[in-house]
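J.: What follows is protein13.txt, made up of compact mmCIF, N, CA, C and O atoms:
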# COMPACT_ATOMS: atom_id res chain seq x y z
N MET W 1 -9.40 -14.81 -1.72
CA MET W 1 -9.24 -13.47 -1.17
C MET W 1 -10.13 -13.36 0.07
O MET W 1 -11.31 -13.67 0.03
N THR W 2 -9.53 -12.86 1.14
CA THR W 2 -10.28 -12.69 2.37
C THR W 2 -11.12 -11.41 2.30
O THR W 2 -10.93 -10.56 1.43
N ALA W 3 -12.03 -11.28 3.26
CA ALA W 3 -12.86 -10.07 3.32
C ALA W 3 -12.00 -8.83 3.55
O ALA W 3 -12.27 -7.77 2.97
N LEU W 4 -10.95 -8.96 4.36
CA LEU W 4 -10.06 -7.82 4.61
C LEU W 4 -9.34 -7.43 3.33
O LEU W 4 -9.24 -6.24 3.00
N GLU W 5 -8.82 -8.40 2.61
CA GLU W 5 -8.11 -8.11 1.35
C GLU W 5 -9.05 -7.44 0.34
O GLU W 5 -8.65 -6.49 -0.33
N LEU W 6 -10.27 -7.92 0.27
CA LEU W 6 -11.25 -7.31 -0.62
C LEU W 6 -11.53 -5.86 -0.21
O LEU W 6 -11.58 -4.96 -1.06
N ALA W 7 -11.68 -5.64 1.08
CA ALA W 7 -11.94 -4.29 1.58
C ALA W 7 -10.78 -3.35 1.25
O ALA W 7 -11.00 -2.20 0.83
N ILE W 8 -9.54 -3.83 1.37
CA ILE W 8 -8.36 -3.03 1.06
C ILE W 8 -8.37 -2.65 -0.43
O ILE W 8 -8.06 -1.52 -0.81
N GLU W 9 -8.73 -3.59 -1.28
CA GLU W 9 -8.80 -3.31 -2.71
C GLU W 9 -9.90 -2.31 -3.04
O GLU W 9 -9.71 -1.40 -3.83
N VAL W 10 -11.06 -2.49 -2.41
CA VAL W 10 -12.18 -1.56 -2.64
C VAL W 10 -11.80 -0.15 -2.20
O VAL W 10 -12.06 0.83 -2.91
N VAL W 11 -11.15 -0.03 -1.05
CA VAL W 11 -10.72 1.27 -0.54
C VAL W 11 -9.72 1.92 -1.51
O VAL W 11 -9.81 3.11 -1.80
N GLY W 12 -8.80 1.13 -2.03
CA GLY W 12 -7.82 1.66 -2.99
C GLY W 12 -8.48 2.13 -4.27
O GLY W 12 -8.17 3.22 -4.78
N TRP W 13 -9.39 1.33 -4.83
CA TRP W 13 -10.08 1.71 -6.06
C TRP W 13 -10.99 2.91 -5.83
O TRP W 13 -11.09 3.79 -6.70
N ALA W 14 -11.65 2.96 -4.69
CA ALA W 14 -12.50 4.12 -4.38
C ALA W 14 -11.65 5.39 -4.29
O ALA W 14 -12.06 6.46 -4.78
N GLY W 15 -10.47 5.27 -3.70
CA GLY W 15 -9.55 6.40 -3.64
C GLY W 15 -9.14 6.86 -5.02
O GLY W 15 -9.12 8.07 -5.31
N ALA W 16 -8.85 5.91 -5.90
CA ALA W 16 -8.47 6.25 -7.27
C ALA W 16 -9.61 6.98 -7.98
O ALA W 16 -9.39 8.00 -8.65
N VAL W 17 -10.82 6.48 -7.83
CA VAL W 17 -11.98 7.10 -8.48
C VAL W 17 -12.18 8.52 -7.96
O VAL W 17 -12.43 9.45 -8.74
N LEU W 18 -12.07 8.71 -6.65
CA LEU W 18 -12.25 10.05 -6.07
C LEU W 18 -11.22 11.05 -6.59
O LEU W 18 -11.57 12.18 -6.96
N ILE W 19 -9.96 10.65 -6.62
CA ILE W 19 -8.91 11.56 -7.08
C ILE W 19 -9.08 11.87 -8.56
O ILE W 19 -8.96 13.02 -8.99
N LEU W 20 -9.38 10.86 -9.36
CA LEU W 20 -9.59 11.09 -10.78
C LEU W 20 -10.82 11.96 -11.04
O LEU W 20 -10.80 12.85 -11.89
N LEU W 21 -11.89 11.72 -10.29
CA LEU W 21 -13.10 12.52 -10.45
C LEU W 21 -12.84 13.98 -10.04
O LEU W 21 -13.30 14.91 -10.72
N ALA W 22 -12.10 14.17 -8.96
CA ALA W 22 -11.75 15.52 -8.52
C ALA W 22 -10.97 16.24 -9.61
O ALA W 22 -11.26 17.40 -9.94
N TYR W 23 -10.01 15.57 -10.20
CA TYR W 23 -9.21 16.18 -11.25
C TYR W 23 -10.04 16.46 -12.50
O TYR W 23 -9.90 17.52 -13.13
N LEU W 24 -10.92 15.54 -12.86
CA LEU W 24 -11.80 15.75 -13.99
C LEU W 24 -12.68 16.98 -13.78
O LEU W 24 -12.80 17.84 -14.66
N LEU W 25 -13.30 17.07 -12.61
CA LEU W 25 -14.17 18.21 -12.30
C LEU W 25 -13.39 19.52 -12.27
O LEU W 25 -13.89 20.56 -12.72
N LEU W 26 -12.16 19.49 -11.77
CA LEU W 26 -11.31 20.67 -11.78
C LEU W 26 -10.98 21.06 -13.22
O LEU W 26 -11.09 22.23 -13.60
N SER W 27 -10.60 20.11 -14.03
CA SER W 27 -10.23 20.37 -15.42
C SER W 27 -11.39 20.87 -16.25
O SER W 27 -11.20 21.65 -17.19
N MET W 28 -12.60 20.43 -15.92
CA MET W 28 -13.80 20.87 -16.64
C MET W 28 -14.32 22.21 -16.13
O MET W 28 -15.29 22.74 -16.66
N GLY W 29 -13.70 22.75 -15.09
CA GLY W 29 -14.13 24.02 -14.53
C GLY W 29 -15.34 23.91 -13.62
O GLY W 29 -15.94 24.91 -13.26
N LYS W 30 -15.70 22.69 -13.23
CA LYS W 30 -16.85 22.48 -12.34
C LYS W 30 -16.49 22.73 -10.88
O LYS W 30 -17.35 23.03 -10.07
N LEU W 31 -15.22 22.56 -10.54
CA LEU W 31 -14.71 22.84 -9.19
C LEU W 31 -13.46 23.69 -9.32
O LEU W 31 -12.83 23.73 -10.38
N THR W 32 -13.10 24.36 -8.24
CA THR W 32 -11.83 25.09 -8.21
C THR W 32 -10.93 24.45 -7.16
O THR W 32 -11.40 23.69 -6.30
N GLY W 33 -9.67 24.79 -7.21
CA GLY W 33 -8.72 24.30 -6.22
C GLY W 33 -9.03 24.82 -4.82
O GLY W 33 -8.57 24.25 -3.83
N GLN W 34 -9.81 25.89 -4.74
CA GLN W 34 -10.19 26.46 -3.46
C GLN W 34 -11.53 25.93 -2.95
O GLN W 34 -12.06 26.42 -1.96
N SER W 35 -12.07 24.94 -3.65
CA SER W 35 -13.34 24.33 -3.27
C SER W 35 -13.11 23.28 -2.18
O SER W 35 -12.25 22.42 -2.32
N ALA W 36 -13.91 23.36 -1.12
CA ALA W 36 -13.79 22.37 -0.05
C ALA W 36 -14.09 20.96 -0.57
O ALA W 36 -13.42 20.00 -0.18
N ILE W 37 -15.06 20.83 -1.46
CA ILE W 37 -15.40 19.51 -1.98
C ILE W 37 -14.23 18.92 -2.76
O ILE W 37 -13.93 17.73 -2.65
N TYR W 38 -13.55 19.75 -3.54
CA TYR W 38 -12.37 19.28 -4.29
C TYR W 38 -11.31 18.79 -3.32
O TYR W 38 -10.73 17.71 -3.51
N GLN W 39 -11.05 19.57 -2.29
CA GLN W 39 -10.01 19.19 -1.32
C GLN W 39 -10.41 17.93 -0.55
O GLN W 39 -9.58 17.05 -0.32
N TRP W 40 -11.70 17.82 -0.16
CA TRP W 40 -12.14 16.61 0.54
C TRP W 40 -12.02 15.37 -0.34
O TRP W 40 -11.64 14.29 0.13
N MET W 41 -12.35 15.52 -1.63
CA MET W 41 -12.21 14.38 -2.54
C MET W 41 -10.76 13.92 -2.60
O MET W 41 -10.48 12.72 -2.62
N ASN W 42 -9.82 14.86 -2.62
CA ASN W 42 -8.41 14.52 -2.65
C ASN W 42 -7.95 13.90 -1.34
O ASN W 42 -7.19 12.92 -1.34
N VAL W 43 -8.39 14.45 -0.22
CA VAL W 43 -7.98 13.92 1.09
C VAL W 43 -8.50 12.49 1.27
O VAL W 43 -7.74 11.59 1.65
N VAL W 44 -9.77 12.27 0.99
CA VAL W 44 -10.35 10.93 1.16
C VAL W 44 -9.75 9.95 0.15
O VAL W 44 -9.44 8.81 0.48
N GLY W 45 -9.58 10.42 -1.08
CA GLY W 45 -8.96 9.56 -2.10
C GLY W 45 -7.54 9.18 -1.74
O GLY W 45 -7.14 8.01 -1.87
N ALA W 46 -6.77 10.13 -1.26
CA ALA W 46 -5.40 9.85 -0.85
C ALA W 46 -5.36 8.90 0.35
O ALA W 46 -4.47 8.06 0.45
N ALA W 47 -6.34 9.01 1.23
CA ALA W 47 -6.41 8.08 2.37
C ALA W 47 -6.62 6.66 1.86
O ALA W 47 -5.98 5.71 2.35
N GLY W 48 -7.49 6.49 0.85
CA GLY W 48 -7.69 5.17 0.27
C GLY W 48 -6.42 4.63 -0.35
O GLY W 48 -6.06 3.45 -0.17
N PHE W 49 -5.70 5.48 -1.08
CA PHE W 49 -4.42 5.07 -1.68
C PHE W 49 -3.39 4.73 -0.60
O PHE W 49 -2.59 3.81 -0.76
N THR W 50 -3.38 5.52 0.48
CA THR W 50 -2.42 5.27 1.56
C THR W 50 -2.65 3.90 2.18
O THR W 50 -1.70 3.12 2.37
N ILE W 51 -3.89 3.60 2.49
CA ILE W 51 -4.23 2.30 3.08
C ILE W 51 -3.84 1.16 2.14
O ILE W 51 -3.19 0.19 2.54
N ASN W 52 -4.22 1.29 0.88
CA ASN W 52 -3.94 0.25 -0.10
C ASN W 52 -2.43 0.10 -0.33
O ASN W 52 -1.91 -1.02 -0.36
N GLY W 53 -1.73 1.22 -0.46
CA GLY W 53 -0.29 1.18 -0.67
C GLY W 53 0.46 0.59 0.51
O GLY W 53 1.38 -0.22 0.33
N TRP W 54 0.05 0.96 1.71
CA TRP W 54 0.69 0.42 2.92
C TRP W 54 0.48 -1.10 2.98
O TRP W 54 1.42 -1.85 3.25
N TRP W 55 -0.73 -1.53 2.72
CA TRP W 55 -1.06 -2.96 2.77
C TRP W 55 -0.19 -3.76 1.80
O TRP W 55 0.28 -4.84 2.12
N HIS W 56 0.02 -3.21 0.62
CA HIS W 56 0.78 -3.91 -0.42
C HIS W 56 2.28 -3.66 -0.33
O HIS W 56 3.03 -4.15 -1.18
N GLY W 57 2.70 -2.90 0.65
CA GLY W 57 4.12 -2.64 0.82
C GLY W 57 4.67 -1.62 -0.17
O GLY W 57 5.88 -1.52 -0.36
N ALA W 58 3.80 -0.86 -0.79
CA ALA W 58 4.21 0.19 -1.73
C ALA W 58 4.44 1.47 -0.93
O ALA W 58 3.64 2.41 -0.97
N LEU W 59 5.52 1.49 -0.18
CA LEU W 59 5.76 2.59 0.76
C LEU W 59 5.97 3.94 0.09
O LEU W 59 5.50 4.95 0.62
N PRO W 60 6.64 4.02 -1.06
CA PRO W 60 6.73 5.35 -1.71
C PRO W 60 5.35 5.90 -2.07
O PRO W 60 5.08 7.09 -1.87
N SER W 61 4.47 5.06 -2.56
CA SER W 61 3.12 5.49 -2.88
C SER W 61 2.37 5.89 -1.62
O SER W 61 1.67 6.92 -1.60
N ALA W 62 2.49 5.11 -0.58
CA ALA W 62 1.82 5.43 0.69
C ALA W 62 2.32 6.76 1.23
O ALA W 62 1.53 7.61 1.67
N ALA W 63 3.64 6.97 1.19
CA ALA W 63 4.21 8.22 1.70
C ALA W 63 3.74 9.42 0.88
O ALA W 63 3.38 10.47 1.43
N LEU W 64 3.75 9.27 -0.44
CA LEU W 64 3.27 10.34 -1.31
C LEU W 64 1.84 10.71 -0.96
O LEU W 64 1.49 11.90 -0.88
N ASN W 65 1.00 9.72 -0.71
CA ASN W 65 -0.40 9.99 -0.43
C ASN W 65 -0.63 10.55 0.97
O ASN W 65 -1.59 11.29 1.17
N VAL W 66 0.23 10.25 1.91
CA VAL W 66 0.16 10.91 3.22
C VAL W 66 0.44 12.41 3.02
O VAL W 66 -0.28 13.26 3.57
N ILE W 67 1.43 12.73 2.21
CA ILE W 67 1.74 14.13 1.93
C ILE W 67 0.58 14.79 1.19
O ILE W 67 0.20 15.92 1.49
N TRP W 68 -0.01 14.07 0.23
CA TRP W 68 -1.18 14.56 -0.52
C TRP W 68 -2.31 14.91 0.46
O TRP W 68 -2.95 15.94 0.32
N MET W 69 -2.54 14.02 1.43
CA MET W 69 -3.58 14.28 2.44
C MET W 69 -3.26 15.52 3.26
O MET W 69 -4.15 16.32 3.57
N LEU W 70 -2.00 15.67 3.64
CA LEU W 70 -1.60 16.83 4.44
C LEU W 70 -1.81 18.13 3.66
O LEU W 70 -2.28 19.13 4.22
N ILE W 71 -1.45 18.13 2.37
CA ILE W 71 -1.66 19.31 1.55
C ILE W 71 -3.15 19.64 1.49
O ILE W 71 -3.55 20.80 1.66
N GLY W 72 -3.97 18.64 1.26
CA GLY W 72 -5.42 18.85 1.25
C GLY W 72 -5.95 19.32 2.58
O GLY W 72 -6.83 20.18 2.65
N GLY W 73 -5.41 18.78 3.66
CA GLY W 73 -5.83 19.19 5.00
C GLY W 73 -5.50 20.65 5.27
O GLY W 73 -6.32 21.39 5.83
N VAL W 74 -4.31 21.08 4.86
CA VAL W 74 -3.93 22.49 5.02
C VAL W 74 -4.85 23.37 4.18
O VAL W 74 -5.31 24.43 4.64
N ALA W 75 -5.13 22.95 2.95
CA ALA W 75 -6.04 23.72 2.09
C ALA W 75 -7.42 23.83 2.73
O ALA W 75 -8.04 24.90 2.73
N LEU W 76 -7.92 22.74 3.30
CA LEU W 76 -9.22 22.76 3.97
C LEU W 76 -9.21 23.70 5.18
O LEU W 76 -10.17 24.42 5.43
N TRP W 77 -8.12 23.68 5.92
CA TRP W 77 -7.99 24.56 7.08
C TRP W 77 -8.03 26.02 6.63
O TRP W 77 -8.73 26.85 7.23
N ARG W 78 -7.33 26.33 5.54
CA ARG W 78 -7.32 27.70 5.03
C ARG W 78 -8.70 28.12 4.52
O ARG W 78 -9.12 29.26 4.71
N ILE W 79 -9.37 27.21 3.86
CA ILE W 79 -10.73 27.49 3.38
C ILE W 79 -11.64 27.80 4.57
O ILE W 79 -12.43 28.75 4.54
N ALA W 80 -11.54 27.00 5.63
CA ALA W 80 -12.36 27.21 6.82
C ALA W 80 -12.03 28.53 7.50
O ALA W 80 -12.93 29.21 8.01
N GLN W 81 -10.76 28.93 7.49
CA GLN W 81 -10.35 30.18 8.12
C GLN W 81 -10.92 31.40 7.40
O GLN W 81 -11.18 32.42 8.02
N ARG W 82 -11.11 31.28 6.10
CA ARG W 82 -11.65 32.40 5.31
C ARG W 82 -13.14 32.61 5.54
O ARG W 82 -13.66 33.67 5.27
N LYS W 83 -13.82 31.57 6.02
CA LYS W 83 -15.28 31.66 6.20
C LYS W 83 -15.65 32.26 7.54
O LYS W 83 -15.02 32.36 8.46
Please lay out the structure from this file as structure tokens.
T.:
Amino acid sequence: MTALELAIEVVGWAGAVLILLAYLLLSMGKLTGQSAIYQWMNVVGAAGFTINGWWHGALPSAALNVIWMLIGGVALWRIAQRK
């Protein structure tokens, strides 16, 4: 495995951990869907999945995660507008 391949795998796993952690914290009531940290965790996690999915040719997964990032980005924009 090359350094690039290893980096792609690390980015994908980090994305998975972030999204799962965000969902866990939301489910436990530690974060809300209107929390900037929750949305950032989803955006960054989805970016990791997008990179990993694109690299492996999993285009449906990559496309889904681009949309996931856009949803999080819109949520972050709305959060910022309220402040």
J.: Hey, can you check how far atom O of Ala46 (chain W) sits from atom C of Leu59 (chain W)?
T.: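 According to the coordinates, atom O of Ala46 (chain W) and atom C of Leu59 (chain W) are separated by 11.2 Å.
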J.: List the spatial neighbours of region 15-21 of chain W as an NGL selection string - criterion: any atom at most 7 Å away, only N, CA, C and O atoms, same-chain residues fewer than 4 positions off excluded.
T.: :W and (9-11 or 25-27 or 38 or 41-42 or 44-49)
J.: Expressed in Å to a single decimal, how great is the separation between CA of Gln34 (chain W) and atom O of Ala75 (chain W)?
T.: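 For CA of Gln34 (chain W) relative to atom O of Ala75 (chain W), the distance reads 6.7 Å.
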J.: Can you tell me how far CA of Lys30 (chain W) sits from atom O of Ser61 (chain W), in Å to one decimal?
T.: 26.5 Å
J.: Hey, what does DSSP flag as helix (DSSP H, G or I) within chain W? Can you give it to me as a ChimeraX atom specification?
T.: /W:3-27,36-55,59-82
J.: With distances taken over only C-alpha atoms, which of W:Ala22, W:Trp77, W:Gly12, W:Ile37 is nearest to Asn65 (chain W)?
T.: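 Of W:Ala22, W:Trp77, W:Gly12, W:Ile37, the one nearest Asn65 (chain W), counting only C-alpha atoms, is W:Gly12.
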